[in-house]
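With mmCIF, C-alpha atoms inside, this is query_28.cif:
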```cif
data_run
loop_
_atom_site.group_PDB
_atom_site.id
_atom_site.type_symbol
_atom_site.label_atom_id
_atom_site.label_comp_id
_atom_site.auth_asym_id
_atom_site.auth_seq_id
_atom_site.Cartn_x
_atom_site.Cartn_y
_atom_site.Cartn_z
ATOM 1 C CA MET A 133 20.730 -13.539 -7.186
ATOM 2 C CA ARG A 134 19.029 -15.128 -4.184
ATOM 3 C CA ILE A 135 15.304 -14.591 -3.895
ATOM 4 C CA LYS A 136 14.670 -12.656 -0.718
ATOM 5 C CA ASN A 137 12.302 -13.732 2.009
ATOM 6 C CA PHE A 138 9.904 -11.117 3.339
ATOM 7 C CA LEU A 139 6.635 -10.325 5.051
ATOM 8 C CA ALA A 140 4.585 -7.461 3.587
ATOM 9 C CA ILE A 141 1.548 -5.833 5.187
ATOM 10 C CA ASP A 142 -1.032 -3.369 3.851
ATOM 11 C CA THR A 143 -3.578 -1.947 6.294
ATOM 12 C CA SER A 144 -3.923 1.423 4.571
ATOM 13 C CA GLY A 145 -7.384 0.879 3.087
ATOM 14 C CA GLU A 146 -10.663 -0.884 3.768
ATOM 15 C CA TYR A 147 -8.965 -4.140 2.736
ATOM 16 C CA LEU A 148 -6.202 -6.134 4.439
ATOM 17 C CA THR A 149 -3.232 -7.640 2.612
ATOM 18 C CA VAL A 150 -0.542 -9.880 4.086
ATOM 19 C CA ILE A 151 2.088 -11.474 1.840
ATOM 20 C CA ALA A 152 4.685 -13.992 3.003
ATOM 21 C CA ARG A 153 7.522 -15.016 0.689
ATOM 22 C CA LYS A 154 10.027 -17.774 1.395
ATOM 23 C CA GLY A 155 12.217 -18.881 -1.478
ATOM 24 C CA MET A 156 9.973 -19.673 -4.431
ATOM 25 C CA ASN A 157 6.849 -19.936 -2.301
ATOM 26 C CA THR A 158 4.463 -17.035 -1.787
ATOM 27 C CA GLU A 159 1.264 -16.962 0.244
ATOM 28 C CA THR A 160 -1.160 -14.039 0.105
ATOM 29 C CA VAL A 161 -4.004 -13.369 2.507
ATOM 30 C CA PHE A 162 -6.383 -10.730 1.168
ATOM 31 C CA GLU A 163 -9.560 -9.641 2.906
ATOM 32 C CA PRO A 164 -11.539 -7.121 0.829
ATOM 33 C CA HIS A 165 -13.662 -5.740 3.657
ATOM 34 C CA CYS A 166 -11.615 -5.193 6.769
ATOM 35 C CA ALA A 167 -12.176 -1.527 7.608
ATOM 36 C CA MET A 168 -11.958 -0.851 11.359
ATOM 37 C CA GLN A 169 -10.933 -4.489 11.913
ATOM 38 C CA HIS A 170 -7.237 -4.352 10.976
ATOM 39 C CA SER A 171 -6.036 -4.567 14.564
ATOM 40 C CA VAL A 172 -8.277 -7.579 15.148
ATOM 41 C CA ARG A 173 -7.456 -9.517 11.983
ATOM 42 C CA LEU A 174 -3.848 -8.602 11.226
ATOM 43 C CA MET A 175 -1.898 -11.042 13.389
ATOM 44 C CA ASP A 176 -4.149 -13.966 12.456
ATOM 45 C CA ALA A 177 -3.555 -13.151 8.790
ATOM 46 C CA VAL A 178 0.198 -12.918 9.388
ATOM 47 C CA ARG A 179 0.162 -16.282 11.130
ATOM 48 C CA GLU A 180 -1.856 -17.863 8.319
ATOM 49 C CA ALA A 181 0.434 -16.586 5.564
ATOM 50 C CA THR A 182 3.744 -17.339 7.274
ATOM 51 C CA GLU A 183 2.735 -20.832 8.413
ATOM 52 C CA LYS A 184 1.683 -21.837 4.896
ATOM 53 C CA VAL A 185 5.159 -21.063 3.503
ATOM 54 C CA GLY A 186 7.062 -22.037 6.656
ATOM 55 C CA LEU A 187 8.477 -18.556 7.204
ATOM 56 C CA SER A 188 9.742 -17.371 10.577
ATOM 57 C CA PRO A 189 10.569 -13.709 11.388
ATOM 58 C CA ALA A 190 14.250 -14.593 11.716
ATOM 59 C CA GLU A 191 14.277 -15.885 8.121
ATOM 60 C CA CYS A 192 12.953 -12.609 6.678
ATOM 61 C CA ASP A 193 15.465 -10.394 4.910
ATOM 62 C CA PHE A 194 13.165 -7.428 5.512
ATOM 63 C CA PHE A 195 9.624 -6.505 6.498
ATOM 64 C CA CYS A 196 7.380 -4.243 4.448
ATOM 65 C CA ALA A 197 4.480 -1.953 5.302
ATOM 66 C CA VAL A 198 2.332 0.216 3.065
ATOM 67 C CA VAL A 199 2.853 3.695 4.501
ATOM 68 C CA GLY A 200 -0.063 5.563 2.933
ATOM 69 C CA PRO A 201 -1.845 7.639 2.035
ATOM 70 C CA GLY A 202 -5.089 6.139 3.261
ATOM 71 C CA SER A 203 -6.673 5.354 6.606
ATOM 72 C CA PHE A 204 -4.744 7.175 9.328
ATOM 73 C CA THR A 205 -5.487 4.495 11.905
ATOM 74 C CA GLY A 206 -4.822 1.632 9.493
ATOM 75 C CA ILE A 207 -1.476 3.065 8.415
ATOM 76 C CA ARG A 208 -0.345 3.430 12.022
ATOM 77 C CA ILE A 209 -1.311 -0.185 12.769
ATOM 78 C CA GLY A 210 0.651 -1.543 9.813
ATOM 79 C CA ILE A 211 3.753 0.536 10.480
ATOM 80 C CA ALA A 212 3.780 -0.252 14.212
ATOM 81 C CA THR A 213 3.449 -3.971 13.481
ATOM 82 C CA VAL A 214 6.276 -4.005 10.956
ATOM 83 C CA LYS A 215 8.513 -1.920 13.210
ATOM 84 C CA GLY A 216 7.914 -4.490 15.931
ATOM 85 C CA PHE A 217 8.977 -7.333 13.652
ATOM 86 C CA CYS A 218 12.042 -5.381 12.506
ATOM 87 C CA ALA A 219 13.133 -4.667 16.067
ATOM 88 C CA ALA A 220 12.637 -8.263 17.175
ATOM 89 C CA ALA A 221 14.409 -9.805 14.167
ATOM 90 C CA LYS A 222 16.952 -6.983 13.753
ATOM 91 C CA LYS A 223 16.069 -6.595 10.079
ATOM 92 C CA PRO A 224 15.395 -3.496 7.923
ATOM 93 C CA ALA A 225 12.032 -2.234 6.741
ATOM 94 C CA LEU A 226 10.705 -1.342 3.311
ATOM 95 C CA GLY A 227 8.052 1.322 2.906
ATOM 96 C CA VAL A 228 5.747 1.088 -0.120
ATOM 97 C CA THR A 229 3.153 3.756 -0.844
ATOM 98 C CA SER A 230 -0.496 2.994 -1.482
ATOM 99 C CA PHE A 231 0.039 4.574 -4.900
ATOM 100 C CA GLU A 232 2.706 2.014 -5.814
ATOM 101 C CA ALA A 233 0.456 -0.871 -4.814
ATOM 102 C CA LEU A 234 -2.133 0.498 -7.249
ATOM 103 C CA ALA A 235 0.213 1.561 -10.056
ATOM 104 C CA TYR A 236 1.858 -1.851 -10.385
ATOM 105 C CA ASN A 237 -1.492 -3.233 -11.526
ATOM 106 C CA THR A 238 -1.190 -1.798 -14.993
ATOM 107 C CA GLU A 239 1.249 -0.906 -17.748
ATOM 108 C CA GLY A 240 1.764 2.435 -19.444
ATOM 109 C CA LYS A 241 0.923 5.827 -17.949
ATOM 110 C CA THR A 242 -1.119 5.315 -14.821
ATOM 111 C CA LEU A 243 -2.793 7.602 -12.340
ATOM 112 C CA ALA A 244 -3.134 5.856 -8.983
ATOM 113 C CA VAL A 245 -6.286 7.184 -7.315
ATOM 114 C CA ILE A 246 -7.452 6.873 -3.709
ATOM 115 C CA PRO A 247 -10.789 8.468 -2.709
ATOM 116 C CA ALA A 248 -10.198 10.874 0.180
ATOM 117 C CA GLY A 249 -13.811 11.752 0.976
ATOM 118 C CA ARG A 250 -15.913 14.857 0.328
ATOM 119 C CA GLY A 251 -15.328 14.591 -3.430
ATOM 120 C CA ASN A 252 -11.545 14.751 -3.096
ATOM 121 C CA TYR A 253 -8.828 12.294 -4.087
ATOM 122 C CA TYR A 254 -5.230 11.372 -3.423
ATOM 123 C CA VAL A 255 -3.431 10.805 -6.733
ATOM 124 C CA CYS A 256 0.022 10.071 -8.115
ATOM 125 C CA GLY A 257 0.927 9.751 -11.793
ATOM 126 C CA TYR A 258 3.371 7.139 -13.109
ATOM 127 C CA GLY A 259 5.112 6.543 -16.433
ATOM 128 C CA GLU A 260 5.709 3.252 -18.238
ATOM 129 C CA LYS A 261 8.744 2.429 -16.050
ATOM 130 C CA LYS A 262 6.861 3.387 -12.892
ATOM 131 C CA GLU A 263 8.720 6.666 -12.665
ATOM 132 C CA ILE A 264 6.684 9.426 -11.032
ATOM 133 C CA LEU A 265 5.327 11.913 -13.566
ATOM 134 C CA LEU A 266 2.819 13.640 -11.294
ATOM 135 C CA PRO A 267 3.908 13.985 -7.639
ATOM 136 C CA PRO A 268 1.486 12.829 -4.941
ATOM 137 C CA SER A 269 -1.372 15.340 -4.781
ATOM 138 C CA PHE A 270 -4.681 16.024 -3.043
ATOM 139 C CA ILE A 271 -7.177 17.057 -5.739
ATOM 140 C CA SER A 272 -10.846 17.723 -6.463
ATOM 141 C CA GLU A 273 -13.159 15.675 -8.683
ATOM 142 C CA ASP A 274 -12.921 18.318 -11.424
ATOM 143 C CA LYS A 275 -9.147 17.991 -11.483
ATOM 144 C CA LEU A 276 -9.467 14.202 -11.546
ATOM 145 C CA SER A 277 -11.666 14.426 -14.649
ATOM 146 C CA THR A 278 -9.024 16.586 -16.319
ATOM 147 C CA LEU A 279 -6.247 14.125 -15.543
ATOM 148 C CA ALA A 280 -8.338 11.241 -16.894
ATOM 149 C CA SER A 281 -7.543 12.417 -20.419
ATOM 150 C CA LYS A 282 -3.818 11.946 -19.777
ATOM 151 C CA TYR A 283 -3.687 8.732 -17.767
ATOM 152 C CA VAL A 284 -5.322 5.375 -17.256
ATOM 153 C CA LEU A 285 -6.936 5.731 -13.829
ATOM 154 C CA THR A 286 -6.330 2.869 -11.402
ATOM 155 C CA SER A 287 -8.197 2.470 -8.117
ATOM 156 C CA TYR A 288 -9.454 -0.185 -5.741
ATOM 157 C CA LEU A 289 -12.563 1.799 -4.828
ATOM 158 C CA ASP A 290 -15.218 3.038 -7.250
ATOM 159 C CA LEU A 291 -14.640 6.322 -9.050
ATOM 160 C CA PRO A 292 -17.159 8.622 -10.800
ATOM 161 C CA ILE A 293 -15.328 8.230 -14.120
ATOM 162 C CA PRO A 294 -13.958 5.179 -16.006
ATOM 163 C CA PHE A 295 -11.048 3.426 -14.304
ATOM 164 C CA LYS A 296 -9.261 0.088 -14.001
ATOM 165 C CA LYS A 297 -10.102 -1.885 -10.856
ATOM 166 C CA ALA A 298 -6.867 -2.635 -9.034
ATOM 167 C CA ASP A 299 -5.795 -5.716 -7.121
ATOM 168 C CA PRO A 300 -3.880 -4.215 -4.161
ATOM 169 C CA ALA A 301 -2.339 -7.556 -3.189
ATOM 170 C CA ALA A 302 -0.936 -8.268 -6.650
ATOM 171 C CA GLY A 303 0.292 -4.688 -6.920
ATOM 172 C CA LEU A 304 1.991 -4.811 -3.528
ATOM 173 C CA LEU A 305 3.797 -8.037 -4.387
ATOM 174 C CA CYS A 306 5.091 -6.553 -7.637
ATOM 175 C CA ALA A 307 6.116 -3.303 -5.935
ATOM 176 C CA VAL A 308 8.089 -5.188 -3.286
ATOM 177 C CA GLU A 309 9.780 -7.400 -5.866
ATOM 178 C CA CYS A 310 10.796 -4.341 -7.908
ATOM 179 C CA ALA A 311 12.043 -2.263 -4.970
ATOM 180 C CA ASP A 312 15.759 -1.515 -4.841
ATOM 181 C CA ASP A 313 17.782 -2.432 -1.751
ATOM 182 C CA SER A 314 18.653 1.241 -1.329
ATOM 183 C CA ARG A 315 15.088 1.780 -0.096
ATOM 184 C CA LEU A 316 15.529 -0.501 2.901
ATOM 185 C CA GLY A 317 15.719 1.324 6.191
ATOM 186 C CA ASP A 318 13.207 2.806 8.612
ATOM 187 C CA LEU A 319 9.500 3.541 8.175
ATOM 188 C CA SER A 320 7.457 6.713 8.440
ATOM 189 C CA ALA A 321 3.814 7.339 7.595
ATOM 190 C CA PHE A 322 3.032 9.158 4.354
ATOM 191 C CA TYR A 323 0.118 11.562 4.742
ATOM 192 C CA LEU A 324 -1.001 14.078 2.126
ATOM 193 C CA LYS A 325 -3.319 15.950 4.467
ATOM 194 C CA LYS A 326 -4.133 16.167 8.145
ATOM 195 C CA SER A 327 -6.559 13.761 9.757
ATOM 196 C CA GLN A 328 -10.111 14.958 10.366
ATOM 197 C CA ALA A 329 -9.373 15.188 14.109
ATOM 198 C CA GLU A 330 -6.292 17.333 13.476
ATOM 199 C CA GLU A 331 -8.209 19.594 11.108
ATOM 200 C CA SER A 332 -11.042 20.016 13.640
ATOM 201 C CA PHE A 333 -8.571 20.766 16.420
ATOM 202 C CA GLY A 334 -6.868 23.337 14.207
ATOM 203 C CA HIS A 335 -10.137 25.206 13.858
#
```

Can you give me the file's structure in the form of structure tokens?
Amino acid sequence: MRIKNFLAIDTSGEYLTVIARKGMNTETVFEPHCAMQHSVRLMDAVREATEKVGLSPAECDFFCAVVGPGSFTGIRIGIATVKGFCAAAKKPALGVTSFEALAYNTEGKTLAVIPAGRGNYYVCGYGEKKEILLPPSFISEDKLSTLASKYVLTSYLDLPIPFKKADPAAGLLCAVECADDSRLGDLSAFYLKKSQAEESFGH
């Protein structure tokens, strides 16, 4: 089976990940501290990654964006960018969740954890074959401590209890490589709760 060419982008967190794959060559650009700078840094990172492997948009079989949960603004930037590439190159998109990018960092039962502020967390539990055991949820710190007895916790950001530090770039690459073609299509943001602005407006 031919190895597929792709460009994958993750702007969902405080980091930035861009992965370009052409044939057997893969180039990853990862910036650990990019919060509020995704719109400034993204296209330079895309250019850097694609030029190093000699990949043009027309050569991509698909484009991938991490769809959340995470930073509302960051998610929108990543999705809009990938949709632009898809429209220009007339290629499909692949959506990968932030949870998948974390879960593919470890084996066995894993709880992907993303701090959501105010002592709350976004979580999703996975089995050994990366099947979902616990659907995506918005939980408190007390609930997180309870789940820690059932899963290995995986997160990029610090947690108040023991966890495995994730490499979002490595996890995203693995998630894309393992994704089935049936998932190719359009993109939509994945939010587990309303943004702070929406919540304030609702009050």

ask   = Which residue, A:Thr213, A:Thr149, A:Ser203, A:Thr286, has the smallest gap to Ala248 (chain A) when you use all atoms listed in the file?
value =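 Of all the options, A:Ser203 lies closest to Ala248 (chain A).
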
ask   = Got a sec: who's within 6 Å of region 311-327 of chain A, counting only C-alpha atoms, leaving out chain neighbours fewer than 3 positions off, as a VMD selection string?
value = chain A and resid 199 to 201 224 to 227 308 330

query = What separation in Å, quoted to one decimal, exists between CA of Met168 (chain A) and CA of Leu243 (chain A)?
reply =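 It comes out at 26.8 Å.
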
inquiry  = Between CA of Glu146 (chain A) and CA of Gly249 (chain A), what is the distance in Å, rounded to a tenth?
reply    =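 Value for the CA of Glu146 (chain A)-CA of Gly249 (chain A) distance: 13.3 Å.
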
request  = Name the residues, using the chain letters and numbers of the file, that sit within 7 Å of (-7.8, -10.3, 2.9) when counting all atoms listed in the file, and give them as a ChimeraX atom specification.
outcome  = /A:147-149,161-164

Can you tell me, as a PDB file with C-alpha atoms, keeping the file's coordinate frame, what residues are no more than 7 Å from Tyr254 (chain A) when counting only C-alpha atoms, ignoring any on the same chain fewer than 6 positions away?
```pdb
ATOM      1  CA  VAL A 245      -6.286   7.184  -7.315  1.00  0.00           C
ATOM      2  CA  ILE A 246      -7.452   6.873  -3.709  1.00  0.00           C
ATOM      3  CA  PRO A 247     -10.789   8.468  -2.709  1.00  0.00           C
ATOM      4  CA  ALA A 248     -10.198  10.874   0.180  1.00  0.00           C
ATOM      5  CA  SER A 269      -1.372  15.340  -4.781  1.00  0.00           C
ATOM      6  CA  PHE A 270      -4.681  16.024  -3.043  1.00  0.00           C
ATOM      7  CA  ILE A 271      -7.177  17.057  -5.739  1.00  0.00           C
TER       8      ILE A 271
END
```

List as a CSV table (one decimal) with C-alpha atoms, keeping the file's coordinate frame: which residues have an atom within 12 Å of (14.5, -10.3, -7.2), counting all atoms listed in the file?
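New file point-v8.csv:
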```
chain,number,residue,atom,x,y,z
A,133,MET,CA,20.7,-13.5,-7.2
A,134,ARG,CA,19.0,-15.1,-4.2
A,135,ILE,CA,15.3,-14.6,-3.9
A,136,LYS,CA,14.7,-12.7,-0.7
A,137,ASN,CA,12.3,-13.7,2.0
A,138,PHE,CA,9.9,-11.1,3.3
A,153,ARG,CA,7.5,-15.0,0.7
A,155,GLY,CA,12.2,-18.9,-1.5
A,156,MET,CA,10.0,-19.7,-4.4
A,305,LEU,CA,3.8,-8.0,-4.4
A,306,CYS,CA,5.1,-6.6,-7.6
A,307,ALA,CA,6.1,-3.3,-5.9
A,308,VAL,CA,8.1,-5.2,-3.3
A,309,GLU,CA,9.8,-7.4,-5.9
A,310,CYS,CA,10.8,-4.3,-7.9
A,311,ALA,CA,12.0,-2.3,-5.0
A,312,ASP,CA,15.8,-1.5,-4.8
A,313,ASP,CA,17.8,-2.4,-1.8
```

ask   = What does the distance between CA of Thr143 (chain A) and CA of His170 (chain A) come to in Å, to one decimal place?
value =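 CA of His170 (chain A) lies at a distance of 6.4 Å from CA of Thr143 (chain A).
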